[in-house]
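Q: Here's a structure for you.
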Amino acid sequence: MTYVDGFVIPVPAGRKQDFIDHARAFDALFLEYGARRIVECWSDDVPHGKQTDFHRAVAAKEDEAVVFSWIEWPDKATRDTCMAAMESDPRMDPALNPMPFDGSRMIFGGFEPVYEAGA
């Protein structure tokens with residue numbers, strides 16, 4: 001059954017192209033290791049809530065955009081194998097492809113789909 005990793009990341013608004021370039025490099029690795037699909041989304045209509053919201057979830061600053069991303073895997077086993085392999089892949093070295101955002105404020109998790117609608 002399909003498995004999904006989800007991410008919410010604060011990215012400096014002025015570094016949008018840096019983020020896209022970074023995502024292209026890393027996403028190619030995920031695809032190489034078995035991901036089916038990856039979607040990277042730049043905030044466009046993300047309101048500030050009264051109690052909680054995407055901005056607060058990642059402590060986004062006024063000059064930061066919120067990125068919402070997900071990776072679709074064929075199953076959890078493929079995802080787990082990929083994550084283990086990527087830990088030793090030299091292409092994951094942050095010195096070669098530094099993150100254009102504060103990774104300590106990224107939130108992420110793995111999810112098992114329980115319902116899908118549409119094509």
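Residue numbers start at 1 in each chain; chains themselves are named A, B, ... in the order of the structure tokens; ligands are numbered from 1 in the order shown.
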What lies within 10 Å of segment 25-29 of chain A using only C-alpha atoms, ignoring chain neighbours under 6 positions off, as a PDB file with C-alpha atoms, in the first residue's frame?

A:
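selection.pdb was written with the following content:
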ATOM      1  CA  PHE A  19      15.052  26.015  -2.460  1.00  0.00           C
ATOM      2  CA  ALA A  35       9.811   7.295  -4.617  1.00  0.00           C
ATOM      3  CA  ARG A  37       6.125  11.149  -6.850  1.00  0.00           C
ATOM      4  CA  ILE A  38       7.353  14.248  -5.047  1.00  0.00           C
ATOM      5  CA  VAL A  39       5.499  17.542  -4.741  1.00  0.00           C
ATOM      6  CA  GLU A  40       7.091  20.758  -3.445  1.00  0.00           C
ATOM      7  CA  ILE A  71       6.788  12.163  -1.148  1.00  0.00           C
ATOM      8  CA  CYS A  82      15.603   4.492   0.825  1.00  0.00           C
ATOM      9  CA  MET A  86      20.530   7.774   1.833  1.00  0.00           C
ATOM     10  CA  ASP A  89      25.040   8.243   0.204  1.00  0.00           C
ATOM     11  CA  ARG A  91      25.422  12.998  -2.327  1.00  0.00           C
ATOM     12  CA  MET A  92      23.508  13.718   0.881  1.00  0.00           C
ATOM     13  CA  ASN A  97      24.172  20.613  -1.192  1.00  0.00           C
TER      14      ASN A  97
END

Q: Would you please work out which residue, of A:Lys76, A:Arg15, A:Lys50, A:His22, is nearest to Tyr3 of chain A when using only C-alpha atoms?

A: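 Counting only C-alpha atoms, the residue closest to Tyr3 of chain A is A:Lys76.
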
Q: Between atom CA of Thr81 of chain A and atom CA of Met106 of chain A, what is the distance in Å, rounded to a tenth?

A: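 Between atom CA of Thr81 of chain A and atom CA of Met106 of chain A the gap works out to 21.9 Å.
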
Q: Excluding Pro10 of chain A and its own-chain neighbours fewer than 2 positions away, which residues fall within 10 Å of it when counting only C-alpha atoms? Please give them as a list in words.

A: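 Once the nearby chain positions are removed, what remains is Val8, Pro12, Ala13, Trp42, Ser43, Phe54, His55, Arg56, Ala57, Val58, Ala59, Ala60, Lys61, Asp63, Glu64, Ala65, Val66, Val67, Phe68, Pro100, Phe101, Asp102, Gly103, Ser104, Arg105, Met106 and Ile107 of chain A.
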
Q: Write out as a list in words each polymer residue whose atoms come within 8 Å of Gly110 of chain A, counting only C-alpha atoms; drop sequence neighbours fewer than 6 positions from it.

A: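 My list of contacting residues is Tyr3, Val4, Asp5 and Gly6 of chain A.
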
Q: Restricting it to C-alpha atoms, dump the selection as an mmCIF file, in the first residue's frame.

A:
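Heads up, here's the output in selection.cif:
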data_model
loop_
_atom_site.group_PDB
_atom_site.id
_atom_site.type_symbol
_atom_site.label_atom_id
_atom_site.label_comp_id
_atom_site.auth_asym_id
_atom_site.auth_seq_id
_atom_site.Cartn_x
_atom_site.Cartn_y
_atom_site.Cartn_z
ATOM 1 C CA TYR A 3 3.079 5.426 1.967
ATOM 2 C CA VAL A 4 3.547 9.199 2.238
ATOM 3 C CA ASP A 5 6.189 11.362 3.898
ATOM 4 C CA GLY A 6 5.035 14.923 4.600
#

Q: Any chance you could list, as a PyMOL selection string, the residues in chain A that come up strand (DSSP E) when DSSP is run on the backbone?

A: chain A and resi 3-12+37-42+64-73+107-111

Q: Check the DSSP output for the backbone and give back, as an mmCIF file with C-alpha atoms, in the first residue's frame, the residues of segment 75-115 of chain A in helix (DSSP H, G or I).

A:
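Output below, filename states.cif:
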data_model
loop_
_atom_site.group_PDB
_atom_site.id
_atom_site.type_symbol
_atom_site.label_atom_id
_atom_site.label_comp_id
_atom_site.auth_asym_id
_atom_site.auth_seq_id
_atom_site.Cartn_x
_atom_site.Cartn_y
_atom_site.Cartn_z
ATOM 1 C CA LYS A 76 6.656 1.810 3.735
ATOM 2 C CA ALA A 77 9.334 -0.841 3.133
ATOM 3 C CA THR A 78 10.590 1.031 0.044
ATOM 4 C CA ARG A 79 10.660 4.279 2.026
ATOM 5 C CA ASP A 80 12.555 2.688 4.910
ATOM 6 C CA THR A 81 15.096 1.118 2.528
ATOM 7 C CA CYS A 82 15.603 4.492 0.825
ATOM 8 C CA MET A 83 16.116 6.371 4.084
ATOM 9 C CA ALA A 84 18.696 3.820 5.252
ATOM 10 C CA ALA A 85 20.570 3.975 1.935
ATOM 11 C CA MET A 86 20.530 7.774 1.833
ATOM 12 C CA GLU A 87 22.241 7.983 5.233
ATOM 13 C CA PRO A 90 27.803 10.840 -0.235
ATOM 14 C CA ARG A 91 25.422 12.998 -2.327
ATOM 15 C CA MET A 92 23.508 13.718 0.881
ATOM 16 C CA GLY A 103 16.342 22.376 9.034
ATOM 17 C CA SER A 104 15.817 22.433 12.801
ATOM 18 C CA ARG A 105 12.402 24.037 12.228
#

Q: One decimal, Å: what's the distance from atom CA of Arg24 of chain A over to atom CA of Ala95 of chain A, could you say?

A: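 Separation of atom CA of Arg24 of chain A and atom CA of Ala95 of chain A: 16.4 Å.
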
Q: Just the number, please: distance in Å from atom CA of Ser88 of chain A to atom CA of Glu112 of chain A, one decimal.

A: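 Interatomic distance, atom CA of Ser88 of chain A to atom CA of Glu112 of chain A: 25.8 Å.
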
Q: Between A:Leu96, A:Leu31, A:Cys41, A:Ala117, which one has atoms that come closest to Ile9 of chain A, using only C-alpha atoms?

A: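 Using only C-alpha atoms, Ile9 of chain A sits closest to A:Cys41.
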